[in-house]
file model14.pdb (PDB, C-alpha atoms)
ATOM      1  CA  MET C 150       0.000   0.000   0.000
ATOM      2  CA  LYS C 151       1.350   3.453  -0.981
ATOM      3  CA  SER C 152       2.194   5.850   1.820
ATOM      4  CA  PHE C 153       0.315   9.124   2.148
ATOM      5  CA  PRO C 154       3.312  11.279   1.026
ATOM      6  CA  VAL C 155       3.728   9.141  -2.126
ATOM      7  CA  ILE C 156       0.062   9.628  -3.020
ATOM      8  CA  ILE C 157       0.370  13.389  -2.477
ATOM      9  CA  ARG C 158       3.451  13.560  -4.710
ATOM     10  CA  SER C 159       1.644  11.599  -7.444
ATOM     11  CA  LEU C 160      -1.308  13.936  -7.310
ATOM     12  CA  LEU C 161       0.949  16.979  -7.488
ATOM     13  CA  LEU C 162       2.642  15.583 -10.598
ATOM     14  CA  LEU C 163      -0.748  15.180 -12.273
ATOM     15  CA  LEU C 164      -1.972  18.684 -11.441
ATOM     16  CA  PRO C 165      -0.230  20.579 -14.305
ATOM     17  CA  ALA C 166      -1.700  18.275 -16.937
ATOM     18  CA  ALA C 167      -5.118  18.477 -15.303
ATOM     19  CA  TRP C 168      -5.029  22.277 -15.197
ATOM     20  CA  THR C 169      -3.856  22.404 -18.819
ATOM     21  CA  SER C 170      -6.698  20.152 -19.963
ATOM     22  CA  LEU C 171      -9.203  22.156 -17.931
ATOM     23  CA  GLY C 172      -7.861  25.402 -19.360
ATOM     24  CA  PHE C 173      -8.225  24.178 -22.946
ATOM     25  CA  ALA C 174     -11.734  22.889 -22.265
ATOM     26  CA  GLN C 175     -12.799  26.212 -20.761
ATOM     27  CA  GLY C 176     -11.073  28.055 -23.621
ATOM     28  CA  ALA C 177     -13.020  26.069 -26.183
ATOM     29  CA  GLU C 178     -16.294  26.912 -24.443
ATOM     30  CA  THR C 179     -15.657  30.662 -24.423
ATOM     31  CA  TRP C 180     -13.728  30.910 -27.703
ATOM     32  CA  PRO C 181     -13.356  33.322 -29.391
ATOM     33  CA  ARG C 182     -12.675  36.161 -26.977
ATOM     34  CA  ARG C 183     -10.260  38.149 -29.167
ATOM     35  CA  PRO C 184      -9.355  38.632 -32.854
ATOM     36  CA  ILE C 185      -8.486  35.610 -34.977
ATOM     37  CA  HIS C 186      -5.482  35.797 -37.304
ATOM     38  CA  ILE C 187      -5.406  33.897 -40.596
ATOM     39  CA  THR C 188      -1.976  33.681 -42.206
ATOM     40  CA  VAL C 189      -2.009  33.386 -45.991
ATOM     41  CA  VAL C 190       1.115  31.674 -47.315
ATOM     42  CA  PHE C 191       1.333  33.770 -50.491
ATOM     43  CA  ALA C 192       1.733  37.457 -51.286
ATOM     44  CA  PRO C 193      -1.298  39.790 -51.420
ATOM     45  CA  GLY C 194      -3.407  39.583 -54.565
ATOM     46  CA  GLY C 195      -3.060  35.864 -55.277
ATOM     47  CA  GLY C 196      -5.866  33.326 -55.299
ATOM     48  CA  ALA C 197      -5.482  32.256 -51.662
ATOM     49  CA  ASP C 198      -5.285  35.872 -50.505
ATOM     50  CA  VAL C 199      -8.425  36.840 -52.434
ATOM     51  CA  ALA C 200     -10.277  33.827 -51.027
ATOM     52  CA  ALA C 201      -9.288  34.650 -47.451
ATOM     53  CA  ARG C 202     -10.339  38.280 -47.775
ATOM     54  CA  LEU C 203     -13.696  37.266 -49.248
ATOM     55  CA  VAL C 204     -14.448  34.801 -46.464
ATOM     56  CA  GLY C 205     -12.852  36.684 -43.546
ATOM     57  CA  PRO C 206     -15.629  39.262 -43.000
ATOM     58  CA  LYS C 207     -18.321  36.582 -43.159
ATOM     59  CA  LEU C 208     -16.507  34.453 -40.607
ATOM     60  CA  SER C 209     -16.088  37.528 -38.403
ATOM     61  CA  GLU C 210     -19.858  38.125 -38.434
ATOM     62  CA  ARG C 211     -20.530  34.560 -37.333
ATOM     63  CA  LEU C 212     -17.905  34.452 -34.586
ATOM     64  CA  GLY C 213     -18.394  37.975 -33.276
ATOM     65  CA  GLN C 214     -14.684  38.794 -33.421
ATOM     66  CA  PRO C 215     -12.453  40.456 -36.033
ATOM     67  CA  VAL C 216     -10.730  38.118 -38.495
ATOM     68  CA  ILE C 217      -7.376  39.576 -39.509
ATOM     69  CA  ILE C 218      -5.689  38.418 -42.725
ATOM     70  CA  GLU C 219      -1.892  38.450 -42.773
ATOM     71  CA  ASN C 220       0.512  37.418 -45.551
ATOM     72  CA  ARG C 221       3.691  35.402 -44.928
ATOM     73  CA  PRO C 222       5.024  34.218 -48.305
ATOM     74  CA  GLY C 223       8.186  32.201 -48.775
ATOM     75  CA  MET C 224       9.515  28.645 -49.198
ATOM     76  CA  GLY C 225       6.594  27.632 -51.392
ATOM     77  CA  GLY C 226       4.128  28.276 -48.583
ATOM     78  CA  GLY C 227       6.357  26.824 -45.884
ATOM     79  CA  LEU C 228       7.180  29.976 -43.939
ATOM     80  CA  GLY C 229       3.579  30.846 -43.158
ATOM     81  CA  ALA C 230       2.670  27.250 -42.320
ATOM     82  CA  ASP C 231       5.668  26.923 -39.991
ATOM     83  CA  TYR C 232       4.769  30.168 -38.209
ATOM     84  CA  VAL C 233       1.298  28.880 -37.378
ATOM     85  CA  ALA C 234       2.520  25.364 -36.570
ATOM     86  CA  LYS C 235       4.655  26.901 -33.830
ATOM     87  CA  SER C 236       1.827  29.126 -32.490
ATOM     88  CA  ALA C 237      -0.263  28.361 -29.408
ATOM     89  CA  PRO C 238      -2.995  25.780 -30.154
ATOM     90  CA  ASP C 239      -5.801  28.043 -28.957
ATOM     91  CA  GLY C 240      -7.721  28.795 -32.164
ATOM     92  CA  TYR C 241      -6.430  32.339 -32.601
ATOM     93  CA  ASN C 242      -3.743  31.641 -35.225
ATOM     94  CA  LEU C 243      -4.733  29.743 -38.359
ATOM     95  CA  VAL C 244      -3.082  29.296 -41.744
ATOM     96  CA  LEU C 245      -4.599  29.135 -45.197
ATOM     97  CA  ALA C 246      -2.069  26.716 -46.634
ATOM     98  CA  SER C 247      -1.482  25.577 -50.193
ATOM     99  CA  SER C 248      -1.588  21.948 -51.275
ATOM    100  CA  GLY C 249       2.059  22.184 -52.280
ATOM    101  CA  GLY C 250       3.085  23.547 -48.907
ATOM    102  CA  LEU C 251       1.294  20.666 -47.199
ATOM    103  CA  THR C 252       2.398  17.840 -49.497
ATOM    104  CA  SER C 253       5.368  18.350 -51.842
ATOM    105  CA  LEU C 254       7.457  20.753 -49.741
ATOM    106  CA  PRO C 255       9.456  18.167 -47.743
ATOM    107  CA  PHE C 256      10.487  16.475 -50.985
ATOM    108  CA  LEU C 257      11.677  19.727 -52.573
ATOM    109  CA  TYR C 258      13.579  21.280 -49.650
ATOM    110  CA  LYS C 259      16.164  19.615 -47.413
ATOM    111  CA  ASN C 260      15.261  21.268 -44.116
ATOM    112  CA  VAL C 261      11.541  21.936 -43.844
ATOM    113  CA  PRO C 262      11.013  23.059 -40.221
ATOM    114  CA  PHE C 263       7.562  21.528 -39.758
ATOM    115  CA  ASN C 264       5.665  18.335 -40.507
ATOM    116  CA  ALA C 265       2.241  19.039 -42.004
ATOM    117  CA  GLU C 266       0.709  15.808 -40.732
ATOM    118  CA  LYS C 267       2.084  16.080 -37.180
ATOM    119  CA  ASP C 268       2.312  19.822 -36.511
ATOM    120  CA  LEU C 269      -0.914  21.094 -38.098
ATOM    121  CA  ALA C 270      -4.546  20.146 -37.564
ATOM    122  CA  PRO C 271      -6.902  20.245 -40.588
ATOM    123  CA  ILE C 272     -10.091  22.299 -40.424
ATOM    124  CA  THR C 273     -11.496  22.277 -43.976
ATOM    125  CA  THR C 274     -10.526  22.678 -47.576
ATOM    126  CA  PHE C 275     -11.099  26.232 -48.685
ATOM    127  CA  GLY C 276     -10.965  26.283 -52.451
ATOM    128  CA  VAL C 277      -9.479  24.937 -55.653
ATOM    129  CA  SER C 278      -7.371  27.003 -58.025
ATOM    130  CA  PRO C 279      -7.771  25.081 -61.302
ATOM    131  CA  LEU C 280      -4.698  24.696 -63.470
ATOM    132  CA  VAL C 281      -4.942  24.867 -67.254
ATOM    133  CA  LEU C 282      -2.798  24.067 -70.279
ATOM    134  CA  VAL C 283      -2.938  27.059 -72.611
ATOM    135  CA  ALA C 284      -1.614  27.710 -76.103
ATOM    136  CA  GLY C 285      -0.437  30.957 -77.657
ATOM    137  CA  PRO C 286      -0.584  32.235 -81.246
ATOM    138  CA  THR C 287       2.524  30.329 -82.361
ATOM    139  CA  PHE C 288       1.051  26.925 -81.554
ATOM    140  CA  GLN C 289      -1.071  25.706 -84.442
ATOM    141  CA  GLY C 290      -2.598  22.702 -82.706
ATOM    142  CA  LYS C 291      -6.034  22.843 -81.129
ATOM    143  CA  THR C 292      -6.114  19.907 -78.721
ATOM    144  CA  VAL C 293      -4.083  18.005 -76.149
ATOM    145  CA  LYS C 294      -3.665  15.230 -78.706
ATOM    146  CA  ASP C 295      -2.033  17.762 -81.043
ATOM    147  CA  VAL C 296       0.443  18.655 -78.284
ATOM    148  CA  ILE C 297       1.309  15.004 -77.720
ATOM    149  CA  THR C 298       1.656  14.259 -81.436
ATOM    150  CA  LEU C 299       3.951  17.224 -82.094
ATOM    151  CA  ALA C 300       6.058  16.544 -78.989
ATOM    152  CA  GLN C 301       6.516  12.916 -79.964
ATOM    153  CA  GLN C 302       7.415  13.812 -83.571
ATOM    154  CA  GLN C 303       9.933  16.465 -82.471
ATOM    155  CA  PRO C 304      11.214  15.511 -79.005
ATOM    156  CA  GLY C 305      12.991  18.310 -77.171
ATOM    157  CA  ILE C 306      11.828  21.025 -79.579
ATOM    158  CA  LEU C 307       8.463  22.106 -78.139
ATOM    159  CA  ALA C 308       8.639  24.277 -74.994
ATOM    160  CA  HIS C 309       6.252  25.332 -72.253
ATOM    161  CA  ALA C 310       6.206  28.064 -69.621
ATOM    162  CA  THR C 311       5.251  27.521 -65.991
ATOM    163  CA  ALA C 312       4.325  30.008 -63.294
ATOM    164  CA  GLY C 313       6.336  30.331 -60.118
ATOM    165  CA  GLY C 314       9.527  28.445 -60.966
ATOM    166  CA  ASN C 315      10.689  24.916 -60.197
ATOM    167  CA  GLY C 316       8.718  22.728 -57.829
ATOM    168  CA  THR C 317       5.488  24.737 -58.002
ATOM    169  CA  ALA C 318       2.092  23.194 -58.701
ATOM    170  CA  PRO C 319       2.151  24.188 -62.419
ATOM    171  CA  HIS C 320       5.651  22.737 -62.796
ATOM    172  CA  LEU C 321       4.762  19.433 -61.132
ATOM    173  CA  ALA C 322       1.585  19.255 -63.232
ATOM    174  CA  ALA C 323       3.660  19.745 -66.385
ATOM    175  CA  GLU C 324       6.173  17.074 -65.375
ATOM    176  CA  LEU C 325       3.352  14.620 -64.645
ATOM    177  CA  PHE C 326       1.887  15.385 -68.087
ATOM    178  CA  LYS C 327       5.209  14.642 -69.793
ATOM    179  CA  VAL C 328       5.694  11.427 -67.832
ATOM    180  CA  MET C 329       2.219  10.117 -68.625
ATOM    181  CA  THR C 330       2.394  11.091 -72.328
ATOM    182  CA  LYS C 331       6.023   9.959 -72.758
ATOM    183  CA  THR C 332       6.999  13.292 -74.280
ATOM    184  CA  GLN C 333      10.027  15.565 -74.037
ATOM    185  CA  ILE C 334       8.924  19.198 -73.760
ATOM    186  CA  ILE C 335      11.361  21.863 -72.620
ATOM    187  CA  HIS C 336      10.462  23.512 -69.313
ATOM    188  CA  VAL C 337      10.990  27.277 -69.063
ATOM    189  CA  PRO C 338      10.166  28.517 -65.536
ATOM    190  CA  PHE C 339       9.010  32.071 -64.830
ATOM    191  CA  LYS C 340       8.854  33.798 -61.463
ATOM    192  CA  GLY C 341       5.091  34.323 -61.569
ATOM    193  CA  GLY C 342       1.890  33.719 -63.467
ATOM    194  CA  ALA C 343       1.892  37.116 -65.179
ATOM    195  CA  PRO C 344       5.324  36.825 -66.872
ATOM    196  CA  ALA C 345       4.634  33.206 -67.849
ATOM    197  CA  LEU C 346       1.368  34.254 -69.429
ATOM    198  CA  MET C 347       2.982  37.201 -71.213
ATOM    199  CA  SER C 348       5.508  34.871 -72.826
ATOM    200  CA  VAL C 349       2.708  32.706 -74.195
ATOM    201  CA  MET C 350       0.671  35.665 -75.442
ATOM    202  CA  ALA C 351       3.747  37.138 -77.152
ATOM    203  CA  GLY C 352       4.443  33.853 -78.913
ATOM    204  CA  ASP C 353       7.787  33.302 -77.185
ATOM    205  CA  MET C 354       6.402  30.174 -75.526
ATOM    206  CA  PRO C 355       3.940  28.052 -77.523
ATOM    207  CA  LEU C 356       2.420  26.482 -74.390
ATOM    208  CA  GLY C 357       1.922  27.328 -70.738
ATOM    209  CA  PHE C 358       0.860  25.563 -67.554
ATOM    210  CA  VAL C 359      -0.799  28.253 -65.430
ATOM    211  CA  ASP C 360      -3.635  28.703 -62.972
ATOM    212  CA  LEU C 361      -7.041  29.651 -64.314
ATOM    213  CA  ALA C 362      -7.328  32.694 -62.048
ATOM    214  CA  THR C 363      -4.308  34.253 -63.776
ATOM    215  CA  VAL C 364      -5.290  33.487 -67.361
ATOM    216  CA  ARG C 365      -9.049  33.891 -67.328
ATOM    217  CA  PRO C 366      -9.223  37.462 -68.747
ATOM    218  CA  GLN C 367      -6.918  36.492 -71.617
ATOM    219  CA  LEU C 368      -9.014  33.415 -72.363
ATOM    220  CA  GLU C 369     -12.143  35.528 -72.547
ATOM    221  CA  SER C 370     -10.450  38.049 -74.857
ATOM    222  CA  GLY C 371      -9.062  35.306 -77.113
ATOM    223  CA  LYS C 372      -5.399  36.220 -76.562
ATOM    224  CA  VAL C 373      -4.652  32.634 -75.521
ATOM    225  CA  ARG C 374      -6.536  29.346 -75.917
ATOM    226  CA  ALA C 375      -7.253  26.787 -73.204
ATOM    227  CA  LEU C 376      -6.541  23.270 -74.430
ATOM    228  CA  ALA C 377      -7.472  21.520 -71.184
ATOM    229  CA  VAL C 378      -8.069  21.909 -67.485
ATOM    230  CA  LEU C 379      -5.745  19.718 -65.432
ATOM    231  CA  GLY C 380      -8.078  18.549 -62.666
ATOM    232  CA  LYS C 381      -9.969  15.266 -62.485
ATOM    233  CA  ASN C 382     -13.230  16.964 -63.450
ATOM    234  CA  ARG C 383     -14.181  19.995 -65.499
ATOM    235  CA  THR C 384     -14.260  23.163 -63.467
ATOM    236  CA  SER C 385     -17.506  24.968 -62.762
ATOM    237  CA  VAL C 386     -15.644  28.225 -63.364
ATOM    238  CA  ALA C 387     -15.122  27.351 -67.057
ATOM    239  CA  PRO C 388     -17.101  24.159 -67.787
ATOM    240  CA  GLN C 389     -16.493  24.391 -71.527
ATOM    241  CA  ILE C 390     -12.812  23.447 -71.134
ATOM    242  CA  PRO C 391     -12.228  19.658 -71.347
ATOM    243  CA  THR C 392      -9.976  17.809 -68.922
ATOM    244  CA  VAL C 393      -6.634  16.315 -69.903
ATOM    245  CA  ALA C 394      -8.035  12.890 -69.011
ATOM    246  CA  GLU C 395     -10.937  13.157 -71.430
ATOM    247  CA  SER C 396      -8.588  14.603 -74.067
ATOM    248  CA  GLY C 397      -6.580  11.427 -74.398
ATOM    249  CA  VAL C 398      -4.583  10.959 -71.167
ATOM    250  CA  PRO C 399      -6.737   8.755 -68.916
ATOM    251  CA  GLY C 400      -5.952   8.970 -65.221
ATOM    252  CA  TYR C 401      -4.239  12.343 -65.422
ATOM    253  CA  GLU C 402      -5.107  14.706 -62.547
ATOM    254  CA  ALA C 403      -3.346  17.754 -61.140
ATOM    255  CA  GLU C 404      -4.777  20.759 -59.352
ATOM    256  CA  GLY C 405      -3.895  23.206 -56.639
ATOM    257  CA  TRP C 406      -6.055  23.492 -53.531
ATOM    258  CA  PHE C 407      -6.063  25.418 -50.277
ATOM    259  CA  ALA C 408      -6.918  24.250 -46.781
ATOM    260  CA  LEU C 409      -7.366  26.051 -43.477
ATOM    261  CA  MET C 410      -5.177  24.540 -40.770
ATOM    262  CA  ALA C 411      -4.625  25.128 -37.052
ATOM    263  CA  PRO C 412      -1.683  24.249 -34.798
ATOM    264  CA  ALA C 413      -1.734  20.617 -33.716
ATOM    265  CA  GLY C 414      -3.385  20.266 -30.324
ATOM    266  CA  THR C 415      -6.082  22.861 -30.973
ATOM    267  CA  PRO C 416      -9.200  21.741 -29.047
ATOM    268  CA  ALA C 417     -11.564  19.590 -31.095
ATOM    269  CA  ALA C 418     -14.491  21.851 -30.152
ATOM    270  CA  ILE C 419     -12.794  24.848 -31.805
ATOM    271  CA  ILE C 420     -11.948  22.818 -34.921
ATOM    272  CA  ALA C 421     -15.562  21.657 -35.136
ATOM    273  CA  ARG C 422     -16.937  25.194 -34.706
ATOM    274  CA  LEU C 423     -14.665  26.582 -37.427
ATOM    275  CA  ASN C 424     -15.493  23.699 -39.741
ATOM    276  CA  LYS C 425     -19.237  24.235 -39.359
ATOM    277  CA  GLU C 426     -19.114  27.994 -39.873
ATOM    278  CA  LEU C 427     -16.755  27.812 -42.832
ATOM    279  CA  ARG C 428     -18.675  25.054 -44.587
ATOM    280  CA  ASP C 429     -21.832  27.144 -44.358
ATOM    281  CA  ILE C 430     -19.964  30.159 -45.759
ATOM    282  CA  LEU C 431     -18.154  28.327 -48.557
ATOM    283  CA  GLU C 432     -21.292  26.545 -49.722
ATOM    284  CA  SER C 433     -23.341  29.744 -49.951
ATOM    285  CA  PRO C 434     -24.346  30.894 -53.478
ATOM    286  CA  ASP C 435     -22.906  34.363 -52.807
ATOM    287  CA  VAL C 436     -19.412  33.089 -52.035
ATOM    288  CA  LYS C 437     -19.481  30.648 -54.955
ATOM    289  CA  ALA C 438     -20.352  33.492 -57.318
ATOM    290  CA  ARG C 439     -17.654  35.774 -55.916
ATOM    291  CA  PHE C 440     -14.996  33.059 -56.081
ATOM    292  CA  ALA C 441     -15.927  32.351 -59.707
ATOM    293  CA  THR C 442     -15.240  35.961 -60.705
ATOM    294  CA  VAL C 443     -11.563  35.431 -59.861
ATOM    295  CA  GLY C 444     -11.281  31.907 -61.265
ATOM    296  CA  LEU C 445     -11.590  29.989 -57.980
ATOM    297  CA  GLU C 446     -13.882  27.194 -56.848
ATOM    298  CA  PRO C 447     -14.877  27.195 -53.166
ATOM    299  CA  THR C 448     -14.740  23.755 -51.559
ATOM    300  CA  SER C 449     -15.330  22.447 -48.070
ATOM    301  CA  SER C 450     -14.691  19.142 -46.344
ATOM    302  CA  THR C 451     -14.291  17.418 -43.012
ATOM    303  CA  PRO C 452     -10.942  17.536 -41.190
ATOM    304  CA  GLU C 453     -10.553  13.819 -41.888
ATOM    305  CA  GLU C 454     -10.987  14.388 -45.625
ATOM    306  CA  VAL C 455      -8.273  17.070 -45.584
ATOM    307  CA  ALA C 456      -5.932  14.663 -43.820
ATOM    308  CA  GLN C 457      -6.623  12.023 -46.474
ATOM    309  CA  MET C 458      -5.894  14.544 -49.249
ATOM    310  CA  ILE C 459      -2.568  15.452 -47.627
ATOM    311  CA  ARG C 460      -1.536  11.790 -47.401
ATOM    312  CA  ARG C 461      -2.675  11.040 -50.955
ATOM    313  CA  ASP C 462      -0.951  14.008 -52.601
ATOM    314  CA  SER C 463       2.200  13.606 -50.510
ATOM    315  CA  ALA C 464       2.601  10.070 -51.855
ATOM    316  CA  LYS C 465       1.777  11.093 -55.433
ATOM    317  CA  TRP C 466       4.022  14.141 -55.740
ATOM    318  CA  GLY C 467       6.749  12.726 -53.525
ATOM    319  CA  LYS C 468       7.161   9.791 -55.882
ATOM    320  CA  LEU C 469       7.339  12.068 -58.937
ATOM    321  CA  ILE C 470       9.824  14.455 -57.311
ATOM    322  CA  LYS C 471      12.128  11.667 -56.159
ATOM    323  CA  GLU C 472      11.980   9.666 -59.380
ATOM    324  CA  TYR C 473      12.753  12.621 -61.637
ATOM    325  CA  ASN C 474      15.053  14.488 -59.234
ATOM    326  CA  ILE C 475      12.977  17.671 -59.192
ATOM    327  CA  THR C 476      14.286  20.446 -56.965
ATOM    328  CA  ALA C 477      12.913  23.836 -55.948
ATOM    329  CA  ASP C 478      14.556  27.082 -57.029
TER     330      ASP C 478
END

call {"tool": "encode", "arguments": {"input": "model14.pdb", "output": "structure tokens"}}
result
Amino acid sequence: MKSFPVIIRSLLLLLPAAWTSLGFAQGAETWPRRPIHITVVFAPGGGADVAARLVGPKLSERLGQPVIIENRPGMGGGLGADYVAKSAPDGYNLVLASSGGLTSLPFLYKNVPFNAEKDLAPITTFGVSPLVLVAGPTFQGKTVKDVITLAQQQPGILAHATAGGNGTAPHLAAELFKVMTKTQIIHVPFKGGAPALMSVMAGDMPLGFVDLATVRPQLESGKVRALAVLGKNRTSVAPQIPTVAESGVPGYEAEGWFALMAPAGTPAAIIARLNKELRDILESPDVKARFATVGLEPTSSTPEEVAQMIRRDSAKWGKLIKEYNITAD
């Protein structure tokens, strides 16, 4: 039988954990009591930033606290994600992370300071930024099959632009396309979507892999042509554009998505509250219409579905990056 002093010491050792658990439980019940900060992992003006600033005021109305949007670009989305991963798990610091920052980053960089699966807790997907294969005035073909035929007839002659440099979602999508079609197309990386698009419009690059949000005005004006959307399904933003899969490359799928994440250890009650409010917002006709004007598709999901997406895409892109020795800029 344990002596009384031993029992007292055991209870004292358990007190900190008990108080911590009690504190988190009480915090979840009264949350939020102060402004919530959402870190966007890209610079102002991009698709994720626009999405956050559209949704932020609506989330603020529902929670009764200001929602402040902050931008922390760098390392392909890694800097912003790492900042939030190291924040207190109290629901006041969240990150709108990119699919690349959550999945392909550790395969592209040697020292990524966080682990997306261990250090961040999923809340919901936020939106999809569809990627498209576009052609400029110097490319005479009209379909994906024309691209494949020409590339196979003249390997190493045809070239394509990508937005954002090596290791980005457009670049990985292009590499996957070349692997699945057994073609050799020269990759010319540009620092952003605008310069990549300009090169295609000017005829310097016959083809480009870019996001729909960047190229949509030029598609509507006829300055470039969309040969295919790169996702599994046609996008509601531009349903007339066929997918690569239905254009002759079965099984092809590549798209960029965003997800809202919290620091690991954030109380489940806070995660559930955010998930409910955001799903209601993202599924509203008003938000869908506003996202469409900038070439984005709002999406929502359960935390478990986000976790599954991270595991799936990590395996997919990790294999491609390792096999073809792809590195970031």

call {"tool": "residues_around", "arguments": {"input": "model14.pdb", "residues": "Pro399 in chain C", "least_positions_apart": "3", "cutoff": "12 Å", "atoms": "all atoms listed in the file", "output": "PyMOL selection string"}}
result
chain C and resi 326+329-330+379-382+392-396+402

call {"tool": "atom_distance", "arguments": {"input": "model14.pdb", "atom1": "CA of Ala201 in chain C", "atom2": "CA of Pro391 in chain C"}}
result
28.4 Å

call {"tool": "residues_around", "arguments": {"input": "model14.pdb", "residues": "Asn474 in chain C", "least_positions_apart": "6", "cutoff": "10 Å", "atoms": "all atoms listed in the file", "output": "list in words"}}
result
Phe256, Leu257 and Lys468 of chain C

call {"tool": "write_last_selection", "arguments": {"input": "model14.pdb", "atoms": "C-alpha atoms", "output": "short mmCIF file (atom, residue, chain, number, x, y, z; two decimals), keeping the file's coordinate frame"}}
result
data_model
loop_
_atom_site.label_atom_id
_atom_site.label_comp_id
_atom_site.auth_asym_id
_atom_site.auth_seq_id
_atom_site.Cartn_x
_atom_site.Cartn_y
_atom_site.Cartn_z
CA PHE C 256 10.49 16.48 -50.98
CA LEU C 257 11.68 19.73 -52.57
CA LYS C 468 7.16 9.79 -55.88
#

call {"tool": "resolve_selection", "arguments": {"input": "model14.pdb", "expression": "the PyMOL selection byres ((chain C and resi 185-195) around 10)", "output": "CSV table (one decimal) with C-alpha atoms, in the coordinates of the input"}}
result
chain,number,residue,atom,x,y,z
C,181,PRO,CA,-13.4,33.3,-29.4
C,182,ARG,CA,-12.7,36.2,-27.0
C,183,ARG,CA,-10.3,38.1,-29.2
C,184,PRO,CA,-9.4,38.6,-32.9
C,196,GLY,CA,-5.9,33.3,-55.3
C,197,ALA,CA,-5.5,32.3,-51.7
C,198,ASP,CA,-5.3,35.9,-50.5
C,199,VAL,CA,-8.4,36.8,-52.4
C,200,ALA,CA,-10.3,33.8,-51.0
C,201,ALA,CA,-9.3,34.6,-47.5
C,202,ARG,CA,-10.3,38.3,-47.8
C,205,GLY,CA,-12.9,36.7,-43.5
C,208,LEU,CA,-16.5,34.5,-40.6
C,209,SER,CA,-16.1,37.5,-38.4
C,212,LEU,CA,-17.9,34.5,-34.6
C,214,GLN,CA,-14.7,38.8,-33.4
C,215,PRO,CA,-12.5,40.5,-36.0
C,216,VAL,CA,-10.7,38.1,-38.5
C,217,ILE,CA,-7.4,39.6,-39.5
C,218,ILE,CA,-5.7,38.4,-42.7
C,219,GLU,CA,-1.9,38.4,-42.8
C,220,ASN,CA,0.5,37.4,-45.6
C,221,ARG,CA,3.7,35.4,-44.9
C,222,PRO,CA,5.0,34.2,-48.3
C,223,GLY,CA,8.2,32.2,-48.8
C,224,MET,CA,9.5,28.6,-49.2
C,225,GLY,CA,6.6,27.6,-51.4
C,226,GLY,CA,4.1,28.3,-48.6
C,227,GLY,CA,6.4,26.8,-45.9
C,228,LEU,CA,7.2,30.0,-43.9
C,229,GLY,CA,3.6,30.8,-43.2
C,230,ALA,CA,2.7,27.2,-42.3
C,231,ASP,CA,5.7,26.9,-40.0
C,232,TYR,CA,4.8,30.2,-38.2
C,233,VAL,CA,1.3,28.9,-37.4
C,240,GLY,CA,-7.7,28.8,-32.2
C,241,TYR,CA,-6.4,32.3,-32.6
C,242,ASN,CA,-3.7,31.6,-35.2
C,243,LEU,CA,-4.7,29.7,-38.4
C,244,VAL,CA,-3.1,29.3,-41.7
C,245,LEU,CA,-4.6,29.1,-45.2
C,246,ALA,CA,-2.1,26.7,-46.6
C,247,SER,CA,-1.5,25.6,-50.2
C,250,GLY,CA,3.1,23.5,-48.9
C,342,GLY,CA,1.9,33.7,-63.5
C,362,ALA,CA,-7.3,32.7,-62.0
C,363,THR,CA,-4.3,34.3,-63.8
C,407,PHE,CA,-6.1,25.4,-50.3
C,409,LEU,CA,-7.4,26.1,-43.5
C,410,MET,CA,-5.2,24.5,-40.8
C,411,ALA,CA,-4.6,25.1,-37.1
C,443,VAL,CA,-11.6,35.4,-59.9

call {"tool": "closest_residue", "arguments": {"input": "model14.pdb", "among": "C:Gly276, C:Gly371, C:Gly341, C:Gly285", "to": "Asp353 in chain C", "atoms": "only C-alpha atoms"}}
result
C:Gly285

call {"tool": "residues_around", "arguments": {"input": "model14.pdb", "residues": "Ala323 in chain C", "least_positions_apart": "3", "cutoff": "8 Å", "atoms": "all atoms listed in the file", "output": "list in words"}}
result
Thr311, Pro319, His320, Phe326, Lys327 and Phe358 of chain C

call {"tool": "atom_distance", "arguments": {"input": "model14.pdb", "atom1": "CA of Ser385 in chain C", "atom2": "CA of Leu427 in chain C"}}
result
20.1 Å

call {"tool": "atom_distance", "arguments": {"input": "model14.pdb", "atom1": "CA of Val398 in chain C", "atom2": "CA of Lys294 in chain C"}}
result
8.7 Å

call {"tool": "closest_residue", "arguments": {"input": "model14.pdb", "among": "C:Ile475, C:Ala322, C:Ala408, C:Ile335", "to": "Leu307 in chain C", "atoms": "all atoms listed in the file"}}
result
C:Ile335

call {"tool": "residues_around", "arguments": {"input": "model14.pdb", "residues": "Gly467 in chain C", "least_positions_apart": "6", "cutoff": "12 Å", "atoms": "only C-alpha atoms", "output": "list of chain:residue names"}}
result
C:Gly249, C:Leu251, C:Thr252, C:Ser253, C:Leu254, C:Pro255, C:Phe256, C:Leu257, C:Tyr258, C:Gly316, C:Leu321, C:Leu325, C:Ile459, C:Arg460, C:Arg461, C:Tyr473, C:Asn474, C:Ile475, C:Thr476

call {"tool": "decode", "arguments": {"input": "model14.pdb", "residues": "range 215-228 of chain C", "atoms": "C-alpha atoms", "output": "JSON list (two decimals), in the first residue's frame"}}
result
[["chain", "number", "residue", "atom", "x", "y", "z"],
["C", 215, "PRO", "CA", -12.45, 40.46, -36.03],
["C", 216, "VAL", "CA", -10.73, 38.12, -38.49],
["C", 217, "ILE", "CA", -7.38, 39.58, -39.51],
["C", 218, "ILE", "CA", -5.69, 38.42, -42.73],
["C", 219, "GLU", "CA", -1.89, 38.45, -42.77],
["C", 220, "ASN", "CA", 0.51, 37.42, -45.55],
["C", 221, "ARG", "CA", 3.69, 35.40, -44.93],
["C", 222, "PRO", "CA", 5.02, 34.22, -48.30],
["C", 223, "GLY", "CA", 8.19, 32.20, -48.77],
["C", 224, "MET", "CA", 9.51, 28.64, -49.20],
["C", 225, "GLY", "CA", 6.59, 27.63, -51.39],
["C", 226, "GLY", "CA", 4.13, 28.28, -48.58],
["C", 227, "GLY", "CA", 6.36, 26.82, -45.88],
["C", 228, "LEU", "CA", 7.18, 29.98, -43.94]]
